[in-house]
Structures are given as structure tokens and as C-alpha cells.
>>> print(open('model-v8.cif').read())   # mmCIF, C-alpha atoms
data_final
#
loop_
_atom_site.label_atom_id
_atom_site.label_comp_id
_atom_site.auth_asym_id
_atom_site.auth_seq_id
_atom_site.Cartn_x
_atom_site.Cartn_y
_atom_site.Cartn_z
CA PHE A 202 -26.57 21.17 16.04
CA THR A 203 -22.94 22.20 16.57
CA GLY A 204 -23.49 25.69 17.94
CA ARG A 205 -21.20 27.21 15.31
CA VAL A 206 -22.16 30.19 13.13
CA LEU A 207 -21.96 29.28 9.43
CA ASP A 208 -21.21 32.57 7.69
CA GLY A 209 -22.39 32.68 4.10
CA ARG A 210 -24.58 29.58 4.33
CA ARG A 211 -28.21 30.04 3.30
CA TRP A 212 -31.35 27.91 3.34
CA SER A 213 -33.02 27.17 0.03
CA ASP A 214 -36.60 27.12 -1.35
CA GLY A 215 -37.49 30.49 0.18
CA LEU A 216 -36.93 29.34 3.77
CA HIS A 217 -34.12 31.86 4.34
CA GLN A 218 -36.28 34.76 3.11
CA SER A 219 -39.21 33.60 5.28
CA ILE A 220 -37.06 33.66 8.42
CA GLU A 221 -35.61 37.08 7.46
CA ALA A 222 -39.17 38.42 7.13
CA LYS A 223 -40.21 36.83 10.44
CA GLU A 224 -37.24 38.39 12.25
CA GLY A 225 -37.94 41.83 10.76
CA ILE A 226 -34.66 42.23 8.87
CA ALA A 227 -34.03 43.11 5.22
CA VAL A 228 -35.18 40.26 2.99
CA SER A 229 -32.44 39.17 0.59
CA GLU A 230 -32.88 37.89 -2.94
CA GLN A 231 -33.41 34.19 -3.37
CA SER A 232 -30.53 32.42 -5.06
CA GLN A 233 -31.21 30.55 -8.27
CA VAL A 234 -29.81 27.13 -9.10
CA ILE A 235 -28.34 27.18 -12.61
CA ALA A 236 -27.21 23.57 -12.72
CA LYS A 237 -26.77 20.66 -10.36
CA VAL A 238 -25.33 17.17 -10.41
CA THR A 239 -25.56 14.21 -8.06
CA TYR A 240 -22.49 12.85 -6.31
CA GLN A 241 -22.92 9.56 -8.16
CA ALA A 242 -23.01 11.21 -11.58
CA LEU A 243 -20.03 13.41 -10.72
CA PHE A 244 -17.84 10.57 -9.50
CA ARG A 245 -18.70 8.43 -12.53
CA GLN A 246 -17.00 11.06 -14.70
CA PHE A 247 -13.64 9.72 -13.47
CA THR A 248 -12.16 6.59 -15.01
CA ARG A 249 -10.48 5.43 -11.79
CA LEU A 250 -12.19 5.45 -8.43
CA SER A 251 -10.91 4.32 -5.05
CA GLY A 252 -11.20 5.34 -1.45
CA MET A 253 -10.80 4.31 2.15
CA THR A 254 -13.17 4.89 5.07
CA GLY A 255 -14.21 3.22 8.28
CA THR A 256 -17.89 3.05 7.31
CA ALA A 257 -17.85 1.64 3.77
CA LYS A 258 -18.72 -1.96 4.67
CA SER A 259 -22.30 -1.13 5.63
CA ASP A 260 -22.81 0.50 2.19
CA ALA A 261 -21.00 -2.16 0.17
CA ASP A 262 -24.09 -2.92 -1.98
CA GLU A 263 -24.51 0.75 -2.92
CA PHE A 264 -20.83 1.09 -3.89
CA ASP A 265 -21.16 -1.99 -6.09
CA LEU A 266 -24.41 -0.82 -7.70
CA ALA A 267 -23.49 2.84 -8.23
CA TYR A 268 -19.78 2.61 -9.08
CA GLY A 269 -18.98 -1.06 -9.65
CA LEU A 270 -16.56 -0.93 -6.70
CA LYS A 271 -15.93 -3.83 -4.35
CA VAL A 272 -15.45 -3.08 -0.64
CA THR A 273 -12.58 -4.96 0.97
CA PRO A 274 -12.32 -4.81 4.77
CA VAL A 275 -8.82 -4.47 6.24
CA PRO A 276 -8.42 -6.24 9.61
CA THR A 277 -7.13 -4.28 12.60
CA ALA A 278 -3.44 -4.55 13.43
CA LEU A 279 -4.25 -5.36 17.06
CA PRO A 280 -7.24 -7.07 18.69
CA ILE A 281 -10.13 -4.69 19.34
CA ALA A 282 -9.95 -3.55 22.96
CA ARG A 283 -13.32 -1.82 22.99
CA ARG A 284 -16.11 -3.50 24.93
CA ASP A 285 -19.54 -3.23 23.32
CA TYR A 286 -22.38 -3.47 25.84
CA PRO A 287 -26.10 -3.95 25.05
CA ASP A 288 -28.18 -0.82 24.54
CA VAL A 289 -30.16 0.43 27.55
CA ALA A 290 -33.42 2.37 27.14
CA PHE A 291 -34.96 4.76 29.67
CA LYS A 292 -38.46 6.24 29.86
CA THR A 293 -37.25 9.77 30.61
CA ARG A 294 -34.19 11.89 29.87
CA LYS A 295 -33.66 12.47 33.59
CA ALA A 296 -33.51 8.72 34.27
CA ALA A 297 -30.93 8.35 31.51
CA ASN A 298 -28.85 11.23 32.91
CA ASP A 299 -29.00 9.79 36.44
CA ALA A 300 -27.81 6.39 35.17
CA LEU A 301 -25.01 8.05 33.19
CA VAL A 302 -23.81 9.99 36.24
CA LYS A 303 -23.74 6.75 38.26
CA GLU A 304 -21.69 5.06 35.52
CA VAL A 305 -19.18 7.93 35.51
CA ILE A 306 -18.81 7.62 39.28
CA ASN A 307 -18.39 3.82 39.02
CA VAL A 308 -15.43 4.10 36.62
CA GLY A 309 -13.73 6.78 38.67
CA GLY A 310 -14.68 9.89 36.70
CA GLY A 311 -13.57 12.98 38.61
CA ASP A 312 -11.15 10.90 40.69
CA LEU A 313 -7.42 11.60 40.23
CA GLU A 314 -6.82 7.87 39.84
CA GLY A 315 -9.93 7.08 37.81
CA ARG A 316 -10.57 6.63 34.10
CA PRO A 317 -10.92 9.54 31.71
CA CYS A 318 -14.53 9.78 30.50
CA LEU A 319 -15.81 11.23 27.22
CA ILE A 320 -19.58 11.67 27.01
CA GLY A 321 -21.22 12.39 23.66
CA THR A 322 -24.48 14.33 23.41
CA THR A 323 -26.72 15.35 20.51
CA SER A 324 -27.28 19.03 21.36
CA VAL A 325 -25.72 21.99 23.13
CA GLN A 326 -28.61 22.09 25.61
CA GLN A 327 -28.24 18.42 26.49
CA SER A 328 -24.51 18.80 27.06
CA GLU A 329 -25.03 21.74 29.42
CA THR A 330 -27.75 19.87 31.34
CA LEU A 331 -25.46 16.89 31.76
CA VAL A 332 -22.60 19.04 33.05
CA GLU A 333 -24.96 20.48 35.68
CA ALA A 334 -26.08 16.96 36.68
CA LEU A 335 -22.44 15.89 37.09
CA LYS A 336 -21.68 19.03 39.10
CA GLU A 337 -24.52 18.23 41.50
CA ALA A 338 -22.89 14.81 42.02
CA GLY A 339 -19.59 16.50 42.88
CA ILE A 340 -17.90 15.88 39.52
CA GLU A 341 -16.36 18.79 37.62
CA ALA A 342 -16.69 18.19 33.88
CA GLU A 343 -15.23 20.09 30.94
CA LEU A 344 -17.75 21.25 28.33
CA LEU A 345 -16.90 20.97 24.64
CA ASN A 346 -19.91 22.03 22.61
CA ALA A 347 -18.53 24.67 20.21
CA SER A 348 -20.61 27.44 21.74
CA PRO A 349 -18.85 30.84 21.41
CA LYS A 350 -17.79 30.90 25.07
CA ASN A 351 -16.18 27.44 24.86
CA ALA A 352 -14.78 27.41 21.32
CA PRO A 353 -11.51 29.29 22.14
CA ARG A 354 -10.64 26.61 24.73
CA GLU A 355 -11.17 23.60 22.44
CA SER A 356 -7.49 22.69 22.11
CA GLU A 357 -6.97 23.19 25.85
CA ILE A 358 -9.91 20.90 26.72
CA ILE A 359 -8.98 18.17 24.22
CA ALA A 360 -5.34 18.18 25.38
CA GLN A 361 -6.52 17.30 28.90
CA ALA A 362 -9.37 14.93 27.98
CA GLY A 363 -7.22 11.78 28.16
CA ARG A 364 -5.83 12.45 31.64
CA ALA A 365 -6.78 10.27 34.60
CA GLY A 366 -10.21 11.05 36.01
CA VAL A 367 -10.98 13.91 33.62
CA VAL A 368 -14.62 14.03 32.48
CA THR A 369 -15.42 15.74 29.17
CA VAL A 370 -18.95 16.30 27.85
CA ALA A 371 -19.13 17.08 24.13
CA THR A 372 -21.65 17.41 21.35
CA ASN A 373 -21.14 14.83 18.61
CA MET A 374 -19.71 17.42 16.21
CA ALA A 375 -17.48 19.42 18.56
CA GLY A 376 -13.74 18.88 18.27
CA ARG A 377 -14.00 16.48 15.32
CA GLY A 378 -10.78 15.56 13.55
CA THR A 379 -8.63 15.67 16.68
CA ASP A 380 -7.19 12.81 18.71
CA ILE A 381 -7.53 12.43 22.46
CA LEU A 382 -4.26 11.04 23.80
CA LEU A 383 -4.36 8.82 26.88
CA GLY A 384 -2.54 10.58 29.68
CA GLY A 385 -2.89 13.98 27.97
CA CYS A 386 -1.10 15.81 25.16
CA PRO A 387 2.28 17.28 26.24
CA LYS A 388 2.75 19.16 22.97
CA THR A 389 -0.46 21.17 23.31
CA MET A 390 0.11 21.79 27.02
CA SER A 391 3.65 23.04 26.39
CA ARG A 392 2.35 25.35 23.66
CA ILE A 393 -0.30 26.80 25.99
CA LYS A 394 2.26 27.25 28.78
CA THR A 395 4.74 28.95 26.43
CA ARG A 396 2.01 31.26 25.14
CA SER A 397 1.03 32.25 28.68
CA ILE A 398 4.66 33.10 29.57
CA LEU A 399 5.10 35.15 26.39
CA VAL A 400 1.93 37.11 27.14
CA GLU A 401 3.05 37.70 30.74
CA GLN A 402 6.38 39.02 29.43
CA GLY A 403 4.58 41.55 27.24
CA VAL A 404 5.35 40.30 23.71
CA ILE A 405 1.90 41.58 22.69
CA SER A 406 -0.23 44.44 23.96
CA VAL A 407 -2.81 44.01 26.71
CA GLU A 408 -5.60 44.61 24.17
CA GLU A 409 -4.32 41.86 21.86
CA GLY A 410 -3.73 39.53 24.82
CA ALA A 411 -7.40 39.90 25.77
CA THR A 412 -8.41 38.30 22.44
CA LEU A 413 -6.50 35.09 23.27
CA PRO A 414 -8.11 32.18 25.14
CA PRO A 415 -7.80 32.67 28.92
CA THR A 416 -4.69 31.14 30.49
CA PRO A 417 -5.58 27.97 32.42
CA PRO A 418 -4.82 27.79 36.16
CA ASN A 419 -1.57 26.14 37.30
CA SER A 420 -3.53 23.00 38.23
CA TYR A 421 -4.17 22.43 34.51
CA PHE A 422 -0.51 21.61 33.87
CA PRO A 423 1.12 18.33 34.96
CA CYS A 424 3.82 19.97 37.10
CA GLU A 425 5.64 23.18 37.95
CA LEU A 426 8.53 24.18 35.71
CA ASN A 427 12.01 24.43 37.18
CA GLU A 428 13.93 27.70 37.32
CA ASP A 429 16.19 26.86 34.35
CA ILE A 430 13.22 26.39 32.00
CA MET A 431 11.52 29.54 33.27
CA VAL A 432 14.73 31.49 32.57
CA ALA A 433 14.87 29.98 29.06
CA LEU A 434 11.24 30.96 28.39
CA LYS A 435 11.79 34.52 29.60
CA ASP A 436 14.98 34.78 27.52
CA ALA A 437 13.02 33.58 24.47
CA ALA A 438 10.34 36.21 25.20
CA SER A 439 13.01 38.94 25.37
CA SER A 440 14.47 37.76 22.08
CA VAL A 441 11.01 37.81 20.45
CA LYS A 442 10.37 41.38 21.68
CA LYS A 443 13.79 42.48 20.43
CA ALA A 444 13.22 40.97 16.98
CA LEU A 445 9.53 41.74 16.47
CA GLY A 446 8.69 44.48 18.95
CA THR A 447 5.46 44.53 20.94
CA GLU A 448 3.08 45.36 18.09
CA MET A 449 2.45 41.72 17.28
CA THR A 450 -1.18 40.62 16.91
CA ALA A 451 -2.68 37.55 18.59
CA ILE A 452 -2.82 35.81 15.20
CA GLU A 453 0.87 36.53 14.56
CA LEU A 454 1.74 35.16 18.02
CA ASP A 455 -0.18 31.98 17.22
CA GLU A 456 1.70 31.63 13.93
CA LEU A 457 5.00 32.16 15.76
CA LEU A 458 4.16 29.37 18.22
CA THR A 459 3.24 27.08 15.32
CA VAL A 460 6.68 27.63 13.78
CA ALA A 461 8.38 27.12 17.16
CA ASN A 462 6.50 23.85 17.73
CA ASP A 463 7.42 22.56 14.28
CA ALA A 464 10.08 19.87 14.48
CA THR A 465 11.47 20.93 11.09
CA GLU A 466 14.44 23.24 11.54
CA ALA A 467 15.86 25.49 8.84
CA GLU A 468 19.46 26.66 8.58
CA ASP A 469 18.34 30.29 8.36
CA ASP A 470 16.03 30.23 11.38
CA PRO A 471 16.39 33.54 13.27
CA GLU A 472 17.70 33.57 16.84
CA HIS A 473 14.31 34.25 18.46
CA ILE A 474 12.79 31.22 16.73
CA ILE A 475 15.64 28.96 17.83
CA LYS A 476 15.39 30.12 21.45
CA LEU A 477 11.62 29.78 21.46
CA ARG A 478 11.80 26.30 19.92
CA ASP A 479 14.40 25.12 22.46
CA ALA A 480 12.40 26.50 25.39
CA THR A 481 9.14 24.97 24.16
CA GLU A 482 10.83 21.61 23.61
CA ALA A 483 12.22 21.71 27.16
CA VAL A 484 8.73 22.31 28.55
CA LYS A 485 7.36 19.48 26.42
CA GLU A 486 10.01 17.04 27.68
CA ILE A 487 9.20 17.84 31.31
CA TYR A 488 5.47 17.35 30.71
CA GLN A 489 6.07 14.23 28.58
CA GLU A 490 7.83 12.46 31.44
CA ILE A 491 4.91 13.04 33.82
CA LEU A 492 2.20 12.26 31.27
CA ASP A 493 3.87 9.03 30.11
CA GLU A 494 3.56 7.71 33.66
CA GLU A 495 -0.06 8.84 33.78
CA LYS A 496 -0.71 7.15 30.44
CA GLU A 497 0.32 3.78 31.89
CA VAL A 498 -1.97 4.38 34.88
CA VAL A 499 -4.88 5.14 32.56
CA ARG A 500 -4.20 2.07 30.42
CA ALA A 501 -4.26 -0.13 33.50
CA ARG A 502 -7.79 1.00 34.44
#
>>> encode(input="model-v8.cif", output="C-alpha cells")
Amino acid sequence: FTGRVLDGRRWSDGLHQSIEAKEGIAVSEQSQVIAKVTYQALFRQFTRLSGMTGTAKSDADEFDLAYGLKVTPVPTALPIARRDYPDVAFKTRKAANDALVKEVINVGGGDLEGRPCLIGTTSVQQSETLVEALKEAGIEAELLNASPKNAPRESEIIAQAGRAGVVTVATNMAGRGTDILLGGCPKTMSRIKTRSILVEQGVISVEEGATLPPTPPNSYFPCELNEDIMVALKDAASSVKKALGTEMTAIELDELLTVANDATEAEDDPEHIIKLRDATEAVKEIYQEILDEEKEVVRAR
């Protein structure tokens, strides 16, 4: 469903062994269940139960019956801005796709001054078919379906998904747990830009750089950086090479960027971290100014 490989997960009741035999690979031993417990029985072992979720109201009767818990809805802080339209049914998948493409065009999807559009699909194949249909209509859409070729670019795609006119097609499970910010995410964009400059300046080897997600084109970023910020980024790269050498791995570079993007500063932060943090923050501020204006444009649509 998601396109992700689940290492270590196995089917039960002999299904895994049947597929191994069908595919002509070594058949593994079937695991044996020693003991099992239901969620309800497990949770009832605790004397105090509570929780919060956005979907509890529809299961209020079950919570009352199973755990003796009452469900109390909390009203929203602001009026709900979402518009719920009646469901529309189509006889064929193609008719549904054609109608969806027309709707994207009507709201300005693909237009620099249009609305950002997020389209949810139920399978990797459906998402790829929809992207092709949009492409035929002259709309370039980003694909977020957790397939191996797209997974490394997840953060890059999500950071841009809230920008004006950007169209993103995703499976229901891809990118879960992340927020799409209207106007785009300056923090993620500044991190990607900083990473690209560090790689260009040779803080890691060419072989390690090849394992990183590809650097987006200049059109991905909200604006060009001025000379002062570019000098600061290159100075930070030189400081990183001086402190850590060029034997850093891609994972270590990612960890370094995480520390540099952390707003928490320590008194004993080394010089290369301080320079990298200051340079990244400068990039973020430049992008923030542009994206804040774009956010207001998107809100007005």
C-alpha cells in the first residue's frame, strides 16, 4: 500500500512460507505464537486510562463499553474553514481522473498565482497514473508515494507542497506525520540549500555525496542568495572541513545539519557549528521573508 519495504515483517499462518516456495527461495521456519493478548485486555490492566485523538467521537460507544471511558469533544479554537462538498461518483476511473484534472485547473493548480493542491490516492499505481494525466494537461505535479526513487526527496517535496500553484500527488500513507505549511517551509529549504553548498565545497567525498538526495534546481528555492550569505556559507564549509576533515559520511553530515538547525545553543559549541548555524539562519531569514508574502497570497485564494 505504501511502497515501503518492511524489513523483518512476516506474514502468519503459513502464508510467508507459501510465497517463499512460490518464488523459489529458501523456505524459512514458521514462527510460533507463544502467547497473545487483545488491546482491550492489555489496556484494562492499567488503573488509569486517558487519551486524546481526532477520531474518538465516532467510537464513543466502544470506549464506554470496553473501558468505561466517556468521550468529550473539544471545540476548535477557530471556526472550521474547510468546505465539505457532496461526494461525486463516476462510472470509470478515467472519468474520475479527468474530472479531478479539471478541478485542479479550475483552482489554479500549476499556476504561479494559483492554489496549492494536495491529491490523495490509494495506491502507488494510481498516483503515477494521475501524475501522467496532469502532465498531459500541462501541469507538472510532484509525486510523493514512498517508492524507492521518490523516498529520498520526501522532505524536499513536502517543504514545497504549500507554495502557490504547486500540485502534489501522494498515496494516503506517504509523508504522514509531517505538516504542510502554506507558502512553503523556509527551515527545510534553508537546510537543503546549506547541504547543497557544503557538498559543492567538498565537505564529504564524491562517493558519499552520491548517496544524498539530488540537489534541487535553483527554481526550487524562493530566491537567489546575496553575496554576503554565500560567503558566510562557504566560510562555514571551510570551518567544517578544518574541524572534521573530508572523511565525513552522508549520515554524519545530516546529523551536523540537524545540530546547526537546532535553535538551542550551548556555551561549548565549536566554531564550525556556530558558523554553520549563523549561515543557515541567514538563509532561513531570506527565504522566510519571501515565503511569508506568498503565504498571504495563498490564504487569499
>>> residues_around(input="model-v8.cif", residues="stretch 423-438 of chain A", least_positions_apart="5", cutoff="10 Å", atoms="all atoms listed in the file", output="PyMOL selection string")
chain A and resi 361+364+385+387+390+394-396+398-404+443-444+472-484+487-492+495
>>> resolve_selection(input="model-v8.cif", expression="the PyMOL selection byres ((chain A and resi 312-326) around 8)", output="PyMOL selection string")
chain A and resi 202-204+305+308-311+327-330+346+348+362-373+498-499+502
>>> resolve_selection(input="model-v8.cif", expression="the PyMOL selection byres ((chain A and resi 225-242) around 10)", output="ChimeraX atom specification")
/A:211-224,243-247,264,267-268
>>> closest_residue(input="model-v8.cif", among="A:Ala296, A:Ile306, A:Lys388, A:Pro414", to="A:Pro353", atoms="all atoms listed in the file")
A:Pro414
>>> resolve_selection(input="model-v8.cif", expression="the PyMOL selection byres ((chain A and resi 406) around 12)", output="count of residues only")
22
>>> atom_distance(input="model-v8.cif", atom1="atom CA of A:Lys258", atom2="atom CA of A:Val272")
6.3 Å
>>> atom_distance(input="model-v8.cif", atom1="atom CA of A:Gly255", atom2="atom CA of A:Val275")
9.6 Å
>>> atom_distance(input="model-v8.cif", atom1="atom CA of A:Arg392", atom2="atom CA of A:Ala352")
17.4 Å
>>> residues_near_point(input="model-v8.cif", point="(-26.4, 0.9, 26.2)", cutoff="12 Å", atoms="all atoms listed in the file", output="list in words")
Arg284, Asp285, Tyr286, Pro287, Asp288, Val289, Ala290, Phe291, Ala297, Ala300, Leu301 and Glu304 of chain A
>>> write_last_selection(input="model-v8.cif", atoms="C-alpha atoms", output="mmCIF file, in the frame of the given file")
data_model
loop_
_atom_site.group_PDB
_atom_site.id
_atom_site.type_symbol
_atom_site.label_atom_id
_atom_site.label_comp_id
_atom_site.auth_asym_id
_atom_site.auth_seq_id
_atom_site.Cartn_x
_atom_site.Cartn_y
_atom_site.Cartn_z
ATOM 1 C CA ARG A 284 -16.110 -3.500 24.930
ATOM 2 C CA ASP A 285 -19.540 -3.230 23.320
ATOM 3 C CA TYR A 286 -22.380 -3.470 25.840
ATOM 4 C CA PRO A 287 -26.100 -3.950 25.050
ATOM 5 C CA ASP A 288 -28.180 -0.820 24.540
ATOM 6 C CA VAL A 289 -30.160 0.430 27.550
ATOM 7 C CA ALA A 290 -33.420 2.370 27.140
ATOM 8 C CA PHE A 291 -34.960 4.760 29.670
ATOM 9 C CA ALA A 297 -30.930 8.350 31.510
ATOM 10 C CA ALA A 300 -27.810 6.390 35.170
ATOM 11 C CA LEU A 301 -25.010 8.050 33.190
ATOM 12 C CA GLU A 304 -21.690 5.060 35.520
#
>>> closest_residue(input="model-v8.cif", among="A:Glu357, A:Glu456, A:Asp463, A:Glu468", to="A:Pro417", atoms="all atoms listed in the file")
A:Glu357
